[in-house]
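Undergrad: File my_file.txt follows (compact mmCIF, C-alpha atoms):
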```txt
# COMPACT_ATOMS: atom_id res chain seq x y z
CA MET A 22 50.42 45.80 -26.31
CA SER A 23 48.38 43.29 -28.28
CA ARG A 24 46.62 44.70 -31.30
CA VAL A 25 43.99 41.98 -31.38
CA SER A 26 42.34 40.19 -28.47
CA PHE A 27 39.35 37.92 -27.93
CA ASN A 28 36.87 37.46 -25.12
CA CYS A 29 34.70 34.38 -25.56
CA THR A 30 31.58 33.89 -23.48
CA MET A 31 29.83 30.52 -23.45
CA GLN A 32 26.96 28.88 -21.67
CA GLU A 33 28.14 26.71 -18.79
CA GLY A 34 28.81 23.09 -19.66
CA GLN A 35 28.68 23.54 -23.43
CA ILE A 36 32.34 23.64 -24.40
CA GLY A 37 35.00 21.60 -22.60
CA GLU A 38 38.56 22.56 -21.76
CA GLU A 39 40.18 20.64 -24.62
CA THR A 40 37.87 22.25 -27.13
CA ARG A 41 38.66 25.68 -25.70
CA VAL A 42 42.34 25.11 -26.33
CA GLU A 43 41.55 24.18 -29.93
CA LEU A 44 39.35 27.22 -30.34
CA ALA A 45 41.99 29.55 -28.94
CA VAL A 46 44.62 28.19 -31.33
CA ALA A 47 42.19 28.55 -34.23
CA LEU A 48 41.37 32.17 -33.34
CA GLN A 49 45.06 32.99 -33.13
CA GLN A 50 45.74 31.30 -36.48
CA ILE A 51 42.91 33.17 -38.19
CA THR A 52 44.22 36.43 -36.76
CA GLN A 53 47.63 35.68 -38.18
CA ASP A 54 46.20 34.70 -41.57
CA VAL A 55 43.88 37.69 -41.94
CA LEU A 56 45.58 40.44 -39.95
CA GLY A 57 49.19 39.30 -39.85
CA GLU A 58 49.45 39.24 -36.08
CA SER A 59 51.76 36.76 -34.35
CA PRO A 60 49.68 34.12 -32.52
CA ASP A 61 51.71 34.78 -29.38
CA ASP A 62 50.41 38.35 -29.37
CA VAL A 63 46.72 37.42 -29.48
CA PRO A 64 45.27 36.85 -26.01
CA VAL A 65 42.11 34.73 -25.85
CA THR A 66 40.03 34.55 -22.69
CA PHE A 67 37.01 32.36 -21.95
CA SER A 68 34.23 32.86 -19.46
CA ASP A 69 31.07 30.91 -18.69
CA ILE A 70 27.55 32.11 -18.12
CA PRO A 71 26.15 29.88 -15.36
CA SER A 72 23.25 27.64 -16.25
CA GLY A 73 19.98 29.51 -15.84
CA PHE A 74 21.62 32.93 -16.22
CA GLY A 75 21.70 33.24 -20.01
CA PHE A 76 18.66 33.66 -22.28
CA ARG A 77 18.06 34.20 -25.96
CA GLY A 78 14.68 35.08 -27.37
CA GLY A 79 13.28 34.71 -23.87
CA GLU A 80 14.39 31.08 -23.60
CA PRO A 81 17.50 29.45 -22.07
CA SER A 82 20.43 30.18 -24.35
CA THR A 83 22.91 27.83 -25.99
CA THR A 84 24.72 30.66 -27.76
CA SER A 85 28.40 31.50 -27.56
CA LEU A 86 29.69 35.02 -28.08
CA VAL A 87 33.13 35.66 -29.53
CA ARG A 88 34.15 39.26 -29.09
CA GLY A 89 37.21 40.42 -30.94
CA SER A 90 38.84 43.81 -30.45
CA ILE A 91 41.13 45.31 -33.07
CA VAL A 92 43.26 48.26 -32.09
CA GLY A 93 43.39 50.72 -34.96
CA GLY A 94 40.53 49.04 -36.80
CA VAL A 95 40.25 47.38 -40.20
CA THR A 96 38.25 47.86 -43.39
CA GLN A 97 34.79 46.31 -43.51
CA ASP A 98 35.84 43.80 -46.18
CA VAL A 99 38.63 42.53 -43.95
CA ARG A 100 36.34 42.51 -40.92
CA GLU A 101 33.73 40.41 -42.70
CA ASP A 102 36.34 37.93 -43.91
CA PHE A 103 37.71 37.77 -40.36
CA MET A 104 34.31 37.18 -38.77
CA ARG A 105 33.29 34.64 -41.44
CA ARG A 106 36.41 32.57 -40.86
CA ILE A 107 35.85 32.68 -37.11
CA CYS A 108 32.26 31.52 -37.56
CA ASP A 109 33.30 28.64 -39.78
CA CYS A 110 36.09 27.39 -37.54
CA TRP A 111 34.09 27.80 -34.33
CA MET A 112 31.21 25.74 -35.73
CA GLU A 113 33.59 23.09 -37.01
CA ILE A 114 35.49 22.73 -33.74
CA SER A 115 32.65 23.16 -31.25
CA GLY A 116 29.90 21.48 -33.25
CA CYS A 117 27.51 24.36 -32.68
CA THR A 118 25.12 25.59 -35.35
CA VAL A 119 25.30 28.97 -37.08
CA ASP A 120 22.42 30.11 -34.88
CA GLU A 121 24.35 29.37 -31.70
CA LEU A 122 27.14 31.82 -32.36
CA VAL A 123 27.60 35.58 -32.34
CA VAL A 124 30.91 36.99 -33.53
CA SER A 125 31.96 40.60 -33.30
CA ALA A 126 35.10 42.38 -34.39
CA ARG A 127 35.11 45.91 -33.11
CA ASP A 128 37.54 48.70 -33.72
CA VAL A 129 39.10 50.19 -30.62
CA MET B 3 22.59 41.96 -30.51
CA PRO B 4 20.88 43.35 -28.57
CA TYR B 5 22.73 42.19 -25.50
CA TYR B 6 21.21 43.08 -22.15
CA ARG B 7 23.42 42.33 -19.17
CA CYS B 8 21.72 42.64 -15.80
CA VAL B 9 24.26 43.10 -13.03
CA VAL B 10 22.63 41.90 -9.83
CA PRO B 11 23.75 41.11 -6.27
CA LYS B 12 24.51 37.46 -5.58
CA ASP B 13 21.44 35.24 -5.02
CA SER B 14 19.12 38.24 -5.32
CA VAL B 15 17.09 37.22 -8.39
CA PRO B 16 15.77 33.62 -8.48
CA TYR B 17 15.45 31.65 -11.70
CA ASP B 18 11.74 32.21 -12.21
CA GLN B 19 12.25 35.98 -12.04
CA ARG B 20 15.29 35.81 -14.32
CA ALA B 21 13.25 33.89 -16.89
CA ALA B 22 10.36 36.35 -16.57
CA VAL B 23 12.70 39.33 -17.00
CA ALA B 24 14.31 37.72 -20.05
CA LYS B 25 10.92 37.17 -21.65
CA ALA B 26 9.76 40.69 -20.79
CA PHE B 27 12.95 42.25 -22.19
CA THR B 28 12.53 40.26 -25.39
CA ASP B 29 8.89 41.38 -25.71
CA ILE B 30 9.82 45.00 -25.05
CA HIS B 31 12.80 45.10 -27.38
CA CYS B 32 10.93 43.46 -30.23
CA GLY B 33 7.88 45.62 -29.62
CA ASN B 34 9.94 48.80 -29.73
CA THR B 35 12.25 47.93 -32.59
CA GLY B 36 10.66 45.14 -34.65
CA ALA B 37 13.76 42.95 -34.27
CA PRO B 38 13.36 39.15 -34.42
CA ARG B 39 13.06 37.55 -30.97
CA SER B 40 15.98 35.22 -31.55
CA PHE B 41 18.39 38.17 -31.66
CA VAL B 42 17.62 39.32 -28.12
CA HIS B 43 20.18 38.16 -25.54
CA VAL B 44 19.63 38.64 -21.82
CA VAL B 45 22.29 37.67 -19.28
CA PHE B 46 22.32 37.95 -15.51
CA ASP B 47 25.68 38.58 -13.94
CA GLU B 48 26.33 38.35 -10.22
CA ALA B 49 29.56 40.24 -10.73
CA ASP B 50 31.34 42.57 -8.37
CA ASP B 51 31.18 45.41 -10.87
CA ARG B 52 30.67 48.78 -9.26
CA TRP B 53 27.82 50.76 -10.79
CA GLU B 54 25.70 53.65 -9.59
CA THR B 55 23.11 51.28 -8.15
CA PRO B 56 23.20 47.71 -6.73
CA TYR B 57 21.18 46.50 -9.74
CA PHE B 58 22.26 47.77 -13.14
CA LEU B 59 21.22 47.17 -16.74
CA ASP B 60 24.18 47.37 -19.09
CA GLY B 61 22.70 47.08 -22.55
CA GLY B 62 24.33 47.02 -25.97
CA ASN B 63 22.39 47.71 -29.17
CA ARG B 64 22.94 48.47 -32.81
CA ALA B 65 23.54 52.16 -33.38
CA GLY B 66 21.17 54.20 -35.47
CA ARG B 67 17.89 54.44 -33.60
CA SER B 68 16.32 57.73 -32.58
CA GLU B 69 16.87 59.17 -29.12
CA GLU B 70 13.14 58.83 -28.51
CA VAL B 71 13.15 55.10 -29.25
CA LYS B 72 16.24 54.55 -27.13
CA ALA B 73 14.84 56.45 -24.15
CA GLU B 74 11.52 54.62 -24.33
CA LEU B 75 13.27 51.28 -24.62
CA LEU B 76 15.45 51.87 -21.57
CA SER B 77 12.52 53.16 -19.54
CA ASP B 78 10.37 50.15 -20.45
CA LEU B 79 13.16 47.67 -19.66
CA ILE B 80 13.88 49.20 -16.28
CA GLY B 81 10.18 49.31 -15.48
CA ALA B 82 9.72 45.65 -16.33
CA PHE B 83 12.71 44.60 -14.27
CA ARG B 84 11.45 46.50 -11.24
CA GLU B 85 7.92 45.16 -11.63
CA ILE B 86 9.04 41.53 -11.84
CA THR B 87 11.72 41.60 -9.15
CA GLY B 88 10.26 44.16 -6.77
CA VAL B 89 13.55 46.04 -6.67
CA ALA B 90 13.15 49.60 -5.39
CA PRO B 91 13.42 52.36 -8.02
CA GLU B 92 16.50 53.87 -6.40
CA ALA B 93 18.28 50.50 -6.48
CA PHE B 94 18.15 49.94 -10.24
CA SER B 95 19.40 52.02 -13.12
CA GLY B 96 20.85 51.37 -16.52
CA ARG B 97 22.27 52.49 -19.79
CA ILE B 98 22.25 51.36 -23.39
CA THR B 99 25.44 51.78 -25.37
CA GLU B 100 25.58 51.37 -29.10
CA GLY B 101 27.94 50.04 -31.72
CA PRO B 102 27.89 49.78 -35.50
CA ALA B 103 25.77 46.85 -36.68
CA LYS B 104 28.40 45.91 -39.24
CA TRP B 105 30.81 44.96 -36.47
CA THR B 106 28.73 41.91 -35.57
CA MET B 107 27.88 38.66 -37.34
CA GLU B 108 24.95 36.69 -36.02
CA GLY B 109 23.34 33.65 -37.57
CA GLY B 110 26.12 33.78 -40.14
CA MET B 111 25.02 37.20 -41.38
CA VAL B 112 26.45 40.65 -40.76
CA LEU B 113 23.83 42.58 -38.82
CA PRO B 114 21.96 45.18 -40.88
CA GLU B 115 21.74 48.79 -39.77
CA PRO B 116 18.43 49.67 -38.09
CA GLY B 117 15.93 50.40 -40.86
CA GLU B 118 17.91 48.40 -43.44
CA GLU B 119 16.72 44.94 -42.42
CA THR B 120 15.84 42.63 -45.30
CA GLU B 121 13.21 39.93 -45.61
CA GLU B 122 16.02 37.38 -45.64
CA TRP B 123 17.27 38.64 -42.30
CA TYR B 124 13.81 38.54 -40.72
CA SER B 125 13.19 35.08 -42.14
CA HIS B 126 16.44 33.80 -40.71
CA GLY B 127 15.66 35.28 -37.32
CA GLN B 128 12.27 33.59 -37.25
CA ALA B 129 13.76 30.27 -38.33
CA ALA B 130 16.40 30.50 -35.59
CA ALA B 131 13.66 31.01 -33.05
CA GLY B 132 11.83 27.99 -34.36
CA GLY B 133 8.86 30.09 -35.34
```
Please, can you express the file's structure as structure tokens?
TA:
Amino acid sequence: MSRVSFNCTMQEGQIGEETRVELAVALQQITQDVLGESPDDVPVTFSDIPSGFGFRGGEPSTTSLVRGSIVGGVTQDVREDFMRRICDCWMEISGCTVDELVVSARDV
Amino acid sequence: MPYYRCVVPKDSVPYDQRAAVAKAFTDIHCGNTGAPRSFVHVVFDEADDRWETPYFLDGGNRAGRSEEVKAELLSDLIGAFREITGVAPEAFSGRITEGPAKWTMEGGMVLPEPGEETEEWYSHGQAAAGG
């Protein structure tokens, strides 16, 4: 069983297939660097919210959500480092702004 | 956060109603909790999930609010959805689950616990909303 997994939800048409591959590799690399997990053991799934179905602040949304799950949990210091690195790499690869990204890392 | 996912039957809620519900949910959440508008996410999902009712509100919020606030929030959200869409009371229900704020980073900042919000956090939320 994988200890760490990601479910990424994006607004339709915002992030192409090639970029998704890059993002998945980056998430797996960060997981290895911070939590020591083998990239092969870190599943990453992507799903799209259809245009006109996602809103933020009452307006059409351009926000992506990256939801990480960590079996067994981590300390808050590690979690914050983990989430910060994910934010930085996601913005760099996707070109989104810091206000177009929500990252979570929950203990399960 | 908050993240309000409205599970609805396929083609049952047109865009203008979805937009109206999203605005109403944002007004209600911010009115009840004082959170910045830019932190309120509303998504409509024509999924095949099986819930108690054909229409279902699956909400996720930061933990730490009183039971009274949570109950009022859920009641207001459900009421607004029904009023805008015309869905019968018995066809729509919902729940709000909670998680620790510190598990989420939004706008580059770890979310504060309810009641521990700082001026910096509010300022960032207003800037993100363009207001």
Undergrad: Within 9 Å of chain A, which residues of chain B show up? Give each one with its shortest atom-to-atom distance in Å (one decimal) and the two atoms involved, counting only C-alpha atoms, rows by chain then rising residue number, as a Markdown table.
TA:
```
| residue | atom | partner | partner_atom | distance |
| --- | --- | --- | --- | --- |
| B:Met3 | CA | A:Val123 | CA | 8.3 |
| B:Tyr17 | CA | A:Gly73 | CA | 6.5 |
| B:Arg20 | CA | A:Phe74 | CA | 7.2 |
| B:Ala21 | CA | A:Gly79 | CA | 7.0 |
| B:Ala22 | CA | A:Gly79 | CA | 8.0 |
| B:Val23 | CA | A:Gly79 | CA | 8.3 |
| B:Ala24 | CA | A:Gly79 | CA | 5.0 |
| B:Lys25 | CA | A:Gly79 | CA | 4.1 |
| B:Ala26 | CA | A:Gly79 | CA | 7.6 |
| B:Phe27 | CA | A:Gly79 | CA | 7.7 |
| B:Thr28 | CA | A:Gly79 | CA | 5.8 |
| B:Asp29 | CA | A:Gly79 | CA | 8.2 |
| B:Pro38 | CA | A:Gly78 | CA | 8.2 |
| B:Arg39 | CA | A:Gly78 | CA | 4.7 |
| B:Ser40 | CA | A:Gly78 | CA | 4.4 |
| B:Phe41 | CA | A:Gly78 | CA | 6.5 |
| B:Val42 | CA | A:Gly78 | CA | 5.2 |
| B:His43 | CA | A:Arg77 | CA | 4.5 |
| B:Val44 | CA | A:Phe76 | CA | 5.1 |
| B:Val45 | CA | A:Gly75 | CA | 4.5 |
| B:Phe46 | CA | A:Phe74 | CA | 5.1 |
| B:Asp47 | CA | A:Phe74 | CA | 7.3 |
| B:Gly101 | CA | A:Arg127 | CA | 8.4 |
| B:Pro102 | CA | A:Arg127 | CA | 8.5 |
| B:Lys104 | CA | A:Gln97 | CA | 7.7 |
| B:Trp105 | CA | A:Ala126 | CA | 5.4 |
| B:Thr106 | CA | A:Ser125 | CA | 4.2 |
| B:Met107 | CA | A:Val124 | CA | 5.1 |
| B:Glu108 | CA | A:Val123 | CA | 4.7 |
| B:Gly109 | CA | A:Asp120 | CA | 4.5 |
| B:Gly110 | CA | A:Val119 | CA | 5.8 |
| B:Met111 | CA | A:Arg105 | CA | 8.7 |
| B:Val112 | CA | A:Glu101 | CA | 7.5 |
| B:Gly127 | CA | A:Asp120 | CA | 8.9 |
| B:Ala130 | CA | A:Asp120 | CA | 6.1 |
| B:Ala131 | CA | A:Gly78 | CA | 7.1 |
```
Undergrad: Give me the residues near Glu70 of chain B as a count of residues only, where near means some atom within 12 Å (using all atoms listed in the file) and where sequence neighbours in that chain fewer than 5 positions away do not count.
TA: 5
Undergrad: Between atom CA of Val95 of chain A and atom CA of Arg24 of chain A, what is the spacing in Å?
TA: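 Atom CA of Val95 of chain A lies 11.3 Å from atom CA of Arg24 of chain A.
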Undergrad: Could you pull the residues within 10 Å of segment 52-68 of chain A, counting all atoms listed in the file, minus those fewer than 3 positions along the same chain, as number ranges by chain?
TA: A: 22-33, 38, 41-42, 44-49, 71, 86-89, 91, 95, 99-100, 102-103, 106-107
Undergrad: I'd like the interatomic distance between atom CA of Phe94 of chain B and atom CA of Val15 of chain B, to a tenth of an Å.
TA: 12.9 Å
Undergrad: Report the distance between atom CA of Arg64 of chain B and atom CA of Thr99 of chain B in Å, rounded to one decimal place.
TA: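 Those two atoms sit 8.5 Å apart.
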Undergrad: From the list B:Val89, B:Ala49, B:Val71, B:Ala37, which residue is nearest Tyr124 of chain B when using all atoms listed in the file?
TA: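 The answer is B:Ala37, which sits nearest to Tyr124 of chain B.
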Undergrad: Hey, can I get the axis-aligned box for segment 67-83 of chain B? All listed atoms, 4 Å padding on each side, centre and edge lengths in Å to one decimal, as JSON.
TA:
```
{"center_x": 13.8, "center_y": 51.9, "center_z": -23.9, "size_x": 16.2, "size_y": 22.6, "size_z": 27.3}
```
Undergrad: Quick one: of A:Ile51, A:Val92, A:Ile114, A:Ile36, who's nearest to Asp69 of chain A, counting only C-alpha atoms?
TA: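 Under the stated criterion, the closest residue is A:Ile36.
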Undergrad: Using all atoms listed in the file for the distances, tell me which of A:Val129, A:Gly34, A:Glu43, A:Cys117 is nearest to Gly94 of chain A.
TA: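 Nearest to Gly94 of chain A: A:Val129.
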Undergrad: Please reconstruct the missing atoms of segment 103-117 of chain B (target: N, CA, C and O atoms) and return them as a compact mmCIF listing (two decimals), in the frame of the given file.
TA:
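What ended up in selection_23.txt:
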```
# COMPACT_ATOMS: atom_id res chain seq x y z
N ALA B 103 26.29 48.19 -36.40
CA ALA B 103 25.77 46.85 -36.68
C ALA B 103 26.77 46.01 -37.45
O ALA B 103 26.90 44.80 -37.22
N LYS B 104 27.51 46.66 -38.34
CA LYS B 104 28.40 45.91 -39.24
C LYS B 104 29.59 45.28 -38.52
O LYS B 104 30.35 44.54 -39.12
N TRP B 105 29.73 45.56 -37.24
CA TRP B 105 30.81 44.96 -36.47
C TRP B 105 30.44 43.57 -35.95
O TRP B 105 31.26 42.92 -35.30
N THR B 106 29.20 43.17 -36.16
CA THR B 106 28.73 41.91 -35.57
C THR B 106 28.14 40.98 -36.62
O THR B 106 27.41 41.41 -37.51
N MET B 107 28.45 39.70 -36.49
CA MET B 107 27.88 38.66 -37.34
C MET B 107 27.08 37.71 -36.46
O MET B 107 27.59 37.18 -35.47
N GLU B 108 25.83 37.53 -36.82
CA GLU B 108 24.95 36.69 -36.02
C GLU B 108 24.13 35.83 -36.96
O GLU B 108 23.60 36.32 -37.95
N GLY B 109 24.03 34.55 -36.66
CA GLY B 109 23.34 33.65 -37.57
C GLY B 109 24.06 33.57 -38.91
O GLY B 109 23.43 33.28 -39.93
N GLY B 110 25.35 33.84 -38.91
CA GLY B 110 26.12 33.78 -40.14
C GLY B 110 25.95 34.98 -41.04
O GLY B 110 26.47 34.99 -42.17
N MET B 111 25.25 36.01 -40.57
CA MET B 111 25.02 37.20 -41.38
C MET B 111 25.50 38.44 -40.64
O MET B 111 25.29 38.56 -39.42
N VAL B 112 26.11 39.36 -41.36
CA VAL B 112 26.45 40.65 -40.76
C VAL B 112 25.16 41.37 -40.44
O VAL B 112 24.23 41.42 -41.26
N LEU B 113 25.07 41.92 -39.23
CA LEU B 113 23.83 42.58 -38.82
C LEU B 113 23.56 43.80 -39.71
O LEU B 113 24.48 44.58 -40.00
N PRO B 114 22.32 43.99 -40.10
CA PRO B 114 21.96 45.18 -40.88
C PRO B 114 21.82 46.40 -39.97
O PRO B 114 21.57 46.26 -38.76
N GLU B 115 21.99 47.57 -40.54
CA GLU B 115 21.74 48.79 -39.77
C GLU B 115 20.24 48.87 -39.48
O GLU B 115 19.42 48.38 -40.27
N PRO B 116 19.86 49.49 -38.36
CA PRO B 116 18.43 49.67 -38.09
C PRO B 116 17.75 50.37 -39.27
O PRO B 116 18.26 51.38 -39.77
N GLY B 117 16.64 49.83 -39.72
CA GLY B 117 15.93 50.40 -40.86
C GLY B 117 16.35 49.81 -42.19
O GLY B 117 15.72 50.07 -43.22
```
